[in-house]
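Peer 1: Next up, model_5.cif (mmCIF, C-alpha atoms and all ligand atoms).
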data_my_file
#
loop_
_atom_site.label_atom_id
_atom_site.label_comp_id
_atom_site.auth_asym_id
_atom_site.auth_seq_id
_atom_site.Cartn_x
_atom_site.Cartn_y
_atom_site.Cartn_z
CA MET A 20 139.30 129.99 88.38
CA ASN A 21 135.48 129.95 88.42
CA LYS A 22 133.73 132.87 90.14
CA TYR A 23 130.34 132.65 91.78
CA ASP A 24 128.06 135.17 93.47
CA PHE A 25 125.30 134.13 95.88
CA ASP A 26 123.02 135.78 98.41
CA VAL A 27 123.69 133.02 100.93
CA ILE A 28 126.64 130.63 100.99
CA ILE A 29 126.27 127.62 103.25
CA LEU A 30 129.45 125.84 104.29
CA GLY A 31 128.62 122.18 104.93
CA GLY A 32 126.05 119.88 103.38
CA GLY A 33 124.65 117.96 106.34
CA PRO A 34 121.15 118.23 107.83
CA ALA A 35 121.70 121.80 109.04
CA GLY A 36 123.06 122.90 105.66
CA PHE A 37 120.23 121.32 103.65
CA SER A 38 117.64 122.90 105.91
CA ALA A 39 119.30 126.32 105.61
CA GLY A 40 119.49 125.95 101.83
CA LEU A 41 115.82 125.09 101.61
CA TYR A 42 114.72 128.02 103.78
CA ALA A 43 117.01 130.50 102.00
CA SER A 44 115.82 129.39 98.55
CA ARG A 45 112.21 129.57 99.60
CA ALA A 46 112.90 133.15 100.76
CA ASN A 47 113.74 133.80 97.09
CA LEU A 48 117.47 134.13 97.66
CA SER A 49 120.19 132.45 95.65
CA ALA A 50 121.79 129.82 97.88
CA ALA A 51 124.77 127.51 97.49
CA ILE A 52 126.00 124.66 99.64
CA ILE A 53 129.76 124.03 99.58
CA ASP A 54 131.13 120.84 101.13
CA ILE A 55 134.61 119.40 101.43
CA SER A 56 133.28 115.92 100.59
CA MET A 57 130.05 114.44 99.29
CA LEU A 58 126.90 115.97 100.74
CA GLY A 59 125.04 114.31 103.61
CA GLY A 60 127.29 114.98 106.60
CA GLN A 61 127.74 112.69 109.59
CA PRO A 62 124.24 111.09 109.51
CA SER A 63 125.06 109.51 106.13
CA ASN A 64 127.11 107.04 108.16
CA TYR A 65 124.44 106.32 110.76
CA LEU A 66 122.91 102.91 110.30
CA GLU A 67 119.46 104.11 111.30
CA LEU A 68 117.71 106.81 113.29
CA GLU A 69 114.71 106.18 115.50
CA ASN A 70 114.26 109.71 116.76
CA TYR A 71 113.70 111.82 113.66
CA LEU A 72 110.09 112.88 113.91
CA GLY A 73 107.82 111.25 111.37
CA PHE A 74 109.97 108.16 110.87
CA ASN A 75 109.87 105.26 113.34
CA LYS A 76 113.08 104.05 111.79
CA ILE A 77 115.00 105.37 108.80
CA GLY A 78 118.51 104.83 107.46
CA GLY A 79 120.84 107.81 107.90
CA TYR A 80 121.83 107.76 104.24
CA GLU A 81 118.21 107.47 103.11
CA LEU A 82 117.17 110.45 105.24
CA MET A 83 120.03 112.57 103.90
CA GLU A 84 118.99 111.67 100.33
CA LYS A 85 115.50 112.91 101.13
CA PHE A 86 116.94 116.17 102.52
CA GLU A 87 119.10 116.66 99.44
CA ASN A 88 116.23 115.96 97.04
CA HIS A 89 114.06 118.44 98.91
CA ALA A 90 116.74 121.15 98.66
CA ASP A 91 117.11 120.33 94.94
CA VAL A 92 113.41 120.96 94.35
CA PHE A 93 113.87 124.56 95.45
CA GLY A 94 117.02 125.11 93.40
CA VAL A 95 119.77 125.14 96.00
CA GLU A 96 123.08 124.95 94.13
CA LYS A 97 125.52 122.31 95.33
CA PHE A 98 129.29 122.29 95.24
CA PRO A 99 130.57 119.02 96.75
CA MET A 100 134.25 118.02 97.01
CA GLN A 101 135.46 121.59 97.45
CA GLU A 102 138.50 122.03 99.62
CA ILE A 103 138.44 125.45 101.28
CA ILE A 104 141.67 127.38 100.91
CA SER A 105 140.69 130.63 102.62
CA VAL A 106 137.71 132.39 104.06
CA ASP A 107 137.21 136.12 104.57
CA LEU A 108 134.12 136.50 106.70
CA ILE A 109 134.80 140.13 107.62
CA SER A 110 134.71 141.63 104.11
CA ASN A 111 131.48 142.56 102.38
CA PRO A 112 130.66 140.50 100.37
CA LYS A 113 132.25 137.58 102.17
CA ILE A 114 134.79 135.58 100.18
CA ILE A 115 135.25 131.82 100.20
CA LYS A 116 138.12 130.48 98.11
CA THR A 117 138.27 126.79 97.30
CA LYS A 118 140.73 124.92 95.11
CA GLU A 119 138.24 125.24 92.26
CA GLY A 120 136.65 128.62 92.61
CA GLU A 121 135.95 131.89 94.36
CA PHE A 122 132.56 132.29 95.98
CA LEU A 123 131.19 135.68 97.01
CA GLY A 124 128.32 135.68 99.48
CA LYS A 125 126.27 138.49 100.99
CA SER A 126 125.84 136.18 103.94
CA VAL A 127 127.59 133.00 105.09
CA ILE A 128 126.05 130.21 107.15
CA ILE A 129 128.55 127.83 108.72
CA ALA A 130 127.25 124.27 108.97
CA THR A 131 130.48 122.31 108.86
CA GLY A 132 129.58 119.97 111.71
CA ALA A 133 132.04 118.08 113.84
CA LYS A 134 134.52 115.21 113.61
CA PRO A 135 135.37 112.36 115.98
CA MET A 136 137.76 113.08 118.84
CA LYS A 137 140.87 110.99 118.98
CA LEU A 138 142.07 109.10 122.05
CA GLY A 139 145.55 110.54 121.65
CA VAL A 140 147.27 107.31 122.74
CA LYS A 141 150.24 105.45 121.35
CA GLY A 142 149.29 103.24 118.39
CA GLU A 143 146.10 105.11 117.49
CA GLU A 144 147.43 106.97 114.45
CA LYS A 145 149.62 104.05 113.35
CA PHE A 146 146.70 101.61 113.15
CA ILE A 147 144.06 103.86 111.54
CA GLY A 148 142.57 101.72 108.78
CA ARG A 149 144.34 98.65 110.21
CA GLY A 150 142.16 98.03 113.22
CA VAL A 151 141.41 101.56 114.44
CA SER A 152 138.20 102.96 112.99
CA TYR A 153 135.88 105.85 113.81
CA CYS A 154 132.98 104.49 111.74
CA ALA A 155 131.34 101.19 112.70
CA VAL A 156 128.87 101.38 109.82
CA CYS A 157 131.74 101.80 107.34
CA ASP A 158 134.05 99.12 108.75
CA GLY A 159 131.95 96.81 110.95
CA ALA A 160 131.60 94.11 108.30
CA PHE A 161 135.39 93.56 108.36
CA TYR A 162 135.05 92.15 111.88
CA GLN A 163 132.93 89.07 111.21
CA ASP A 164 133.44 86.68 114.18
CA LYS A 165 136.21 88.90 115.56
CA VAL A 166 136.62 90.66 118.90
CA VAL A 167 136.40 94.43 118.96
CA ALA A 168 136.37 97.21 121.53
CA VAL A 169 134.41 100.44 121.54
CA VAL A 170 135.63 103.30 123.72
CA GLY A 171 133.20 105.75 125.35
CA GLY A 172 129.89 105.75 127.18
CA GLY A 173 127.75 108.14 125.14
CA ASN A 174 124.97 107.43 122.63
CA SER A 175 127.42 106.96 119.78
CA ALA A 176 129.61 104.44 121.61
CA VAL A 177 126.73 102.32 122.84
CA GLU A 178 124.70 102.42 119.61
CA GLU A 179 127.72 101.61 117.48
CA ALA A 180 128.74 98.80 119.86
CA MET A 181 125.31 97.27 119.36
CA TYR A 182 125.68 97.61 115.62
CA LEU A 183 129.05 95.85 115.78
CA THR A 184 127.48 92.82 117.52
CA ARG A 185 125.90 92.00 114.14
CA PHE A 186 129.37 90.97 112.98
CA ALA A 187 131.74 90.56 115.89
CA SER A 188 131.67 87.60 118.26
CA LYS A 189 132.34 89.93 121.20
CA VAL A 190 132.27 93.68 121.74
CA TYR A 191 133.92 95.29 124.75
CA ILE A 192 132.76 98.74 125.77
CA ILE A 193 135.61 100.45 127.59
CA HIS A 194 134.31 103.38 129.61
CA ARG A 195 136.14 105.67 132.00
CA ARG A 196 133.31 105.70 134.59
CA ASP A 197 130.94 103.07 136.01
CA GLU A 198 127.87 104.73 134.52
CA LEU A 199 126.95 105.40 130.91
CA ARG A 200 126.11 108.80 129.47
CA ALA A 201 123.93 107.24 126.73
CA ASP A 202 120.12 107.59 126.81
CA LYS A 203 118.41 105.11 129.14
CA ILE A 204 116.61 103.27 126.33
CA ILE A 205 119.92 102.74 124.51
CA GLN A 206 121.64 101.59 127.73
CA ASP A 207 118.90 99.05 128.43
CA ARG A 208 119.29 97.47 125.01
CA ALA A 209 123.07 97.23 125.44
CA PHE A 210 122.77 95.64 128.90
CA GLN A 211 120.54 92.95 127.37
CA ASN A 212 122.97 92.19 124.55
CA SER A 213 124.93 89.07 125.45
CA LYS A 214 127.77 89.87 123.04
CA ILE A 215 128.59 93.13 124.86
CA GLU A 216 130.92 93.14 127.85
CA PHE A 217 131.50 96.36 129.75
CA ILE A 218 134.92 97.29 131.09
CA TRP A 219 134.16 100.01 133.60
CA ASN A 220 136.39 102.69 135.12
CA SER A 221 139.01 102.12 132.47
CA VAL A 222 140.89 104.16 129.92
CA VAL A 223 142.93 103.11 126.91
CA GLU A 224 146.68 103.55 127.41
CA GLU A 225 148.02 102.04 124.20
CA ILE A 226 146.89 100.20 121.07
CA GLN A 227 149.29 97.43 120.07
CA GLY A 228 149.79 95.13 117.10
CA ASP A 229 152.10 94.25 114.25
CA GLU A 230 150.63 94.94 110.80
CA ILE A 231 147.16 95.13 112.33
CA VAL A 232 145.74 95.72 115.80
CA LYS A 233 146.18 92.77 118.17
CA SER A 234 145.53 94.15 121.63
CA VAL A 235 144.83 97.14 123.80
CA ILE A 236 146.39 98.12 127.09
CA ILE A 237 143.89 99.61 129.50
CA LYS A 238 144.27 101.19 132.90
CA ASN A 239 141.75 100.91 135.68
CA VAL A 240 141.40 104.49 136.94
CA ASN A 241 140.41 103.36 140.46
CA ASN A 242 143.39 101.13 141.27
CA SER A 243 145.81 102.10 138.44
CA ASN A 244 146.14 98.43 137.42
CA PHE A 245 147.03 97.80 133.79
CA SER A 246 145.68 94.94 131.69
CA ASN A 247 146.15 93.76 128.15
CA ILE A 248 143.11 92.62 126.19
CA SER A 249 143.29 90.80 122.86
CA ILE A 250 141.19 92.52 120.20
CA ASP A 251 141.07 92.71 116.41
CA GLY A 252 139.70 96.23 116.16
CA ILE A 253 138.96 99.29 118.21
CA PHE A 254 136.37 102.02 117.65
CA PRO A 255 136.84 105.21 119.71
CA TYR A 256 133.53 107.07 120.17
CA ILE A 257 134.53 109.62 122.78
CA GLY A 258 132.82 112.71 121.41
CA ILE A 259 133.33 115.24 118.71
CA ASN A 260 135.31 118.37 117.85
CA PRO A 261 133.98 121.14 115.57
CA ASN A 262 135.21 121.47 111.97
CA VAL A 263 136.45 125.03 112.24
CA ASP A 264 140.05 125.04 111.00
CA PHE A 265 139.25 127.56 108.24
CA ILE A 266 137.90 130.23 110.62
CA ASN A 267 141.28 131.49 111.81
CA GLY A 268 139.95 133.45 114.74
CA GLN A 269 137.55 135.58 112.68
CA ILE A 270 134.52 134.77 114.87
CA ALA A 271 133.99 134.04 118.55
CA GLN A 272 134.31 130.39 119.63
CA ASP A 273 134.16 128.63 122.99
CA SER A 274 137.16 126.94 124.62
CA ARG A 275 136.66 123.76 122.53
CA GLY A 276 136.23 125.71 119.30
CA PHE A 277 132.46 125.48 118.95
CA ILE A 278 131.08 128.69 117.40
CA LEU A 279 129.15 130.99 119.70
CA THR A 280 125.78 132.21 118.41
CA ASP A 281 122.75 134.04 119.70
CA ASN A 282 119.30 132.50 119.40
CA THR A 283 118.99 133.68 115.78
CA MET A 284 122.17 131.68 115.00
CA LYS A 285 124.08 134.93 114.43
CA THR A 286 127.78 134.75 115.24
CA SER A 287 129.97 137.60 116.47
CA LEU A 288 130.20 138.87 112.85
CA GLU A 289 127.44 140.66 110.91
CA GLY A 290 126.00 138.46 108.19
CA VAL A 291 127.65 135.28 109.47
CA TYR A 292 125.57 132.53 111.08
CA ALA A 293 126.43 129.11 112.50
CA ILE A 294 124.09 126.12 112.73
CA GLY A 295 124.10 122.49 113.80
CA ASP A 296 126.90 120.57 115.51
CA VAL A 297 129.56 123.21 114.79
CA ARG A 298 127.94 125.73 117.13
CA ASN A 299 127.83 125.80 120.90
CA THR A 300 124.50 124.00 121.17
CA PRO A 301 123.10 121.98 124.10
CA LEU A 302 121.81 119.15 121.88
CA ARG A 303 123.39 117.67 118.76
CA GLN A 304 120.75 115.74 116.87
CA VAL A 305 119.50 115.72 113.27
CA ILE A 306 116.27 117.33 114.42
CA THR A 307 118.02 120.20 116.22
CA ALA A 308 120.39 120.70 113.26
CA VAL A 309 117.50 121.15 110.84
CA SER A 310 115.83 123.48 113.31
CA ASP A 311 119.02 125.57 113.53
CA GLY A 312 119.12 125.62 109.72
CA ALA A 313 115.64 127.08 109.49
CA VAL A 314 116.32 129.76 112.11
CA GLY A 315 119.73 130.68 110.69
CA ALA A 316 118.50 130.91 107.11
CA VAL A 317 115.51 133.07 108.04
CA TYR A 318 117.77 135.54 109.85
CA ALA A 319 120.43 135.41 107.14
CA SER A 320 117.67 136.18 104.65
CA LYS A 321 116.54 139.18 106.70
CA TYR A 322 120.15 140.40 106.78
CA VAL A 323 120.58 139.98 103.00
CA GLN A 324 117.27 141.76 102.37
CA GLU A 325 118.38 144.70 104.53
CA GLN A 326 121.69 144.86 102.64
CA LYS A 327 119.84 144.95 99.31
CA GLU A 328 117.58 147.78 100.55
CA VAL A 329 120.62 149.78 101.70
CA ILE A 330 122.22 149.41 98.25
CA VAL A 331 118.97 150.48 96.45
P1 LIG A 401 129.27 112.32 124.02
O1 LIG A 401 127.82 112.25 124.31
O2 LIG A 401 130.03 113.56 124.32
O3 LIG A 401 129.96 111.08 124.81
C1 LIG A 401 131.34 110.92 124.80
C2 LIG A 401 131.68 109.74 125.69
O4 LIG A 401 133.08 109.51 125.63
C3 LIG A 401 131.32 109.99 127.15
O5 LIG A 401 130.82 108.82 127.73
C4 LIG A 401 132.68 110.39 127.75
O6 LIG A 401 132.81 109.98 129.09
C5 LIG A 401 133.65 109.61 126.92
N1 LIG A 401 134.93 110.30 126.78
C6 LIG A 401 135.16 111.60 126.46
N2 LIG A 401 136.47 111.85 126.36
C7 LIG A 401 137.10 110.69 126.65
C8 LIG A 401 138.46 110.31 126.71
N3 LIG A 401 139.44 111.18 126.45
N4 LIG A 401 138.75 109.03 127.04
C9 LIG A 401 137.77 108.14 127.28
N5 LIG A 401 136.45 108.44 127.24
C10 LIG A 401 136.13 109.70 126.91
O7 LIG A 401 129.61 112.01 122.48
P2 LIG A 401 128.83 111.12 121.38
O8 LIG A 401 128.35 109.85 121.97
O9 LIG A 401 129.72 111.10 120.19
O10 LIG A 401 127.57 112.01 121.02
C11 LIG A 401 127.74 113.36 120.54
C12 LIG A 401 126.35 114.00 120.46
O11 LIG A 401 125.56 113.33 119.46
C13 LIG A 401 125.59 113.87 121.78
O12 LIG A 401 124.84 115.03 121.96
C14 LIG A 401 124.70 112.67 121.54
O13 LIG A 401 123.52 112.67 122.33
C15 LIG A 401 124.38 112.81 120.06
N6 LIG A 401 124.03 111.51 119.48
C16 LIG A 401 122.74 111.12 119.55
C17 LIG A 401 122.35 109.88 119.03
C18 LIG A 401 120.91 109.46 119.10
O14 LIG A 401 120.12 110.16 119.75
N7 LIG A 401 120.50 108.38 118.49
C19 LIG A 401 123.31 109.03 118.47
C20 LIG A 401 124.63 109.45 118.44
C21 LIG A 401 124.99 110.68 118.98
P3 LIG A 401 131.96 110.66 130.28
O15 LIG A 401 130.57 110.09 130.15
O16 LIG A 401 132.67 110.23 131.50
O17 LIG A 401 132.01 112.14 130.04
#
Just dump the structure as structure tokens.

Peer 2:
Amino acid sequence: MNKYDFDVIILGGGPAGFSAGLYASRANLSAAIIDISMLGGQPSNYLELENYLGFNKIGGYELMEKFENHADVFGVEKFPMQEIISVDLISNPKIIKTKEGEFLGKSVIIATGAKPMKLGVKGEEKFIGRGVSYCAVCDGAFYQDKVVAVVGGGNSAVEEAMYLTRFASKVYIIHRRDELRADKIIQDRAFQNSKIEFIWNSVVEEIQGDEIVKSVIIKNVNNSNFSNISIDGIFPYIGINPNVDFINGQIAQDSRGFILTDNTMKTSLEGVYAIGDVRNTPLRQVITAVSDGAVGAVYASKYVQEQKEVIV
């Protein structure tokens, strides 16, 4: 098994992780980013962003490539496709074991992001990849001239519904209230899109089909009436859960599992920081993730420096 030793180990190679890697390397520390899959994180799947400062419009994948190239320039080491087996955040140094190696870090920055929440209804698991998808950019093109439904009323649901209108003949947005959570500018665009039909005050009860999805049963939450709508695909966008399975109670988290930090991104453990979507933050955007990365890496660097002075 390969053994590695770094000043700062960053778990997760999305915007927050790249930013932390850049700041740690520029503080003259050795830094590594470990990711369970390819680097880039959630924004790699975003069609385009209009709110990352400096770019009127840029593809998510393109922006993540720029982040990665920038981190490369300053020598951040990258370990993609590493499945974490165990993490000891309490020991000093901290120990991360993956299937391929053991990584020792004077400090650890957790930037593992979040994953889509599931509806938890009958048929959802059964039809994943056969009509149930959590990524419109990945799967939208399969629904040329078909009818699809998006569930949720936040930015993701409404933006992805609009993206799906490029392919689908009709896109239902099923939302549990009669008012969207999405930003006003995004709402206005959706209301003007003739391919989008809103189904208000409704929740999904069951996804049905044979080999592939054929319909969805929804319940009106006001009058408890059920209806069956024919669809070819369904995209739940009802929020996110943090990627924290590996933590095993070693650091403080909120009731939904998001990691608690102070304003230096420090967690409840010395030398351990959390940044981006995985932490209990009021705003989950690329721009706030990179900001978290800068703050976390600066304070992790201070911590590592203090440790080195103690040892000398
Ligand atoms: P979100 O903002 O938390 O919205 C989740 C939506 O799903 C809400 O409308 C919620 O309804 C609904 N919902 C939650 N649980 C549900 C359930 N069990 N059944 C049915 N509906 C349910 O999540 P998101 O849209 O994934 O966005 C996550 C974060 O990323 C947000 O901070 C968002 O602003 C950000 N984001 C930003 C952009 C952008 O700025 N371009 C794009 C994408 C995401 P209620 O409204 O009734 O609570």

Peer 1: List as a ChimeraX atom specification the protein and nucleic acid residues lying within 7 Å of ligand LIG 401 (chain A), with all atoms listed in the file counted.

Peer 2: /A:68-70,138,170-176,178,194-196,199-201,222,256-259,302-304

Peer 1: Would you mind telling me which residue in A:Val156, A:Met20, A:Val27, A:Val95 lies nearest to Lys125 of chain A when using all atoms listed in the file?

Peer 2: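 Nearest to Lys125 of chain A: A:Val27.
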
Peer 1: Separation of atom CA of Pro135 of chain A and atom CA of Leu41 of chain A, in Å?

Peer 2: 27.4 Å

Peer 1: With distances taken over all atoms listed in the file, which of A:Glu224, A:Asp229, A:Asp207, A:Glu119 is nearest to Phe245 of chain A?

Peer 2: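 Among the listed residues, A:Glu224 lies closest to Phe245 of chain A.
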
Peer 1: Nearest residue to Gly60 of chain A out of A:Met181, A:Ile114, A:Ala133, A:Ala209, using only C-alpha atoms?

Peer 2: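 Between A:Met181, A:Ile114, A:Ala133, A:Ala209, the residue approaching Gly60 of chain A most closely is A:Ala133.
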
Peer 1: Counting all atoms listed in the file, what is within 7 Å of Phe37 of chain A, bar same-chain residues fewer than 4 positions away, as a count of residues only?

Peer 2: 6

Peer 1: For atom CA of Ala51 of chain A and atom CA of Val263 of chain A, determine how far apart the two atoms are, in Å to one decimal place.

Peer 2: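 Between these atoms lies a distance of 19.0 Å.
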
Peer 1: Have a look at A:Leu66, A:Ile55, A:Val329, A:Val127 and name the one nearest to Leu82 of chain A; count only C-alpha atoms.

Peer 2: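 With only C-alpha atoms as the atom set, the closest residue is A:Leu66.
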
Peer 1: What is the atom CA of Ile53 of chain A-atom CA of Gly36 of chain A distance in Å, reported with one decimal?

Peer 2: 9.1 Å

Peer 1: Restrict the calculation to all atoms listed in the file, then for each residue of segment 77-177 of chain A with any atom at most 9 Å from an atom of segment 292-301 of chain A give the closest atom pair and their distance in Å to one decimal, rows by chain and rising residue number, as a Markdown table.

Peer 2:
| residue | atom | partner | partner_atom | distance |
| --- | --- | --- | --- | --- |
| A:Ser126 | CA | A:Tyr292 | CA | 8.0 |
| A:Val127 | CA | A:Tyr292 | CA | 6.3 |
| A:Ile128 | CA | A:Tyr292 | CA | 4.6 |
| A:Ile129 | CA | A:Ala293 | CA | 4.5 |
| A:Ala130 | CA | A:Ile294 | CA | 5.2 |
| A:Thr131 | CA | A:Val297 | CA | 6.1 |
| A:Gly132 | CA | A:Val297 | CA | 4.5 |
| A:Ala133 | CA | A:Val297 | CA | 5.8 |

Peer 1: So, with only C-alpha atoms as the atoms that count, which of A:Gly252, A:Phe210, A:Gly228, A:Arg149 lies closest to Tyr162 of chain A?

Peer 2: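 Using only C-alpha atoms, Tyr162 of chain A sits closest to A:Gly252.
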
Peer 1: Looking at A:Ser221, A:Asn260, A:Thr184, A:Ser287, which one is nearest to Ser243 of chain A, with distances taken over only C-alpha atoms?

Peer 2: A:Ser221

Peer 1: Would you mind listing, for every residue of segment 23-78 of chain A within 8 Å of segment 318-324 of chain A, the two atoms forming the shortest contact and the distance between them in Å to one decimal, using all atoms listed in the file, sorted by chain and ascending residue number, as CSV?

Peer 2:
residue,atom,partner,partner_atom,distance
A:Asp26,CA,A:Val323,CA,6.7
A:Val27,CA,A:Ala319,CA,7.4
A:Ala43,CA,A:Ser320,CA,6.3
A:Ala46,CA,A:Ser320,CA,6.9
A:Leu48,CA,A:Ser320,CA,7.3

Peer 1: Asn267 of chain A: which residues within 12 Å, counting all atoms listed in the file, same-chain residues fewer than 3 positions away excluded, as a list of chain:residue names?

Peer 2: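 So the residues in contact are A:Ile104, A:Ser105, A:Val106, A:Asp107, A:Leu108, A:Ile109, A:Asn262, A:Val263, A:Asp264, A:Ile270, A:Ala271, A:Gln272, A:Gly276, A:Ile278.
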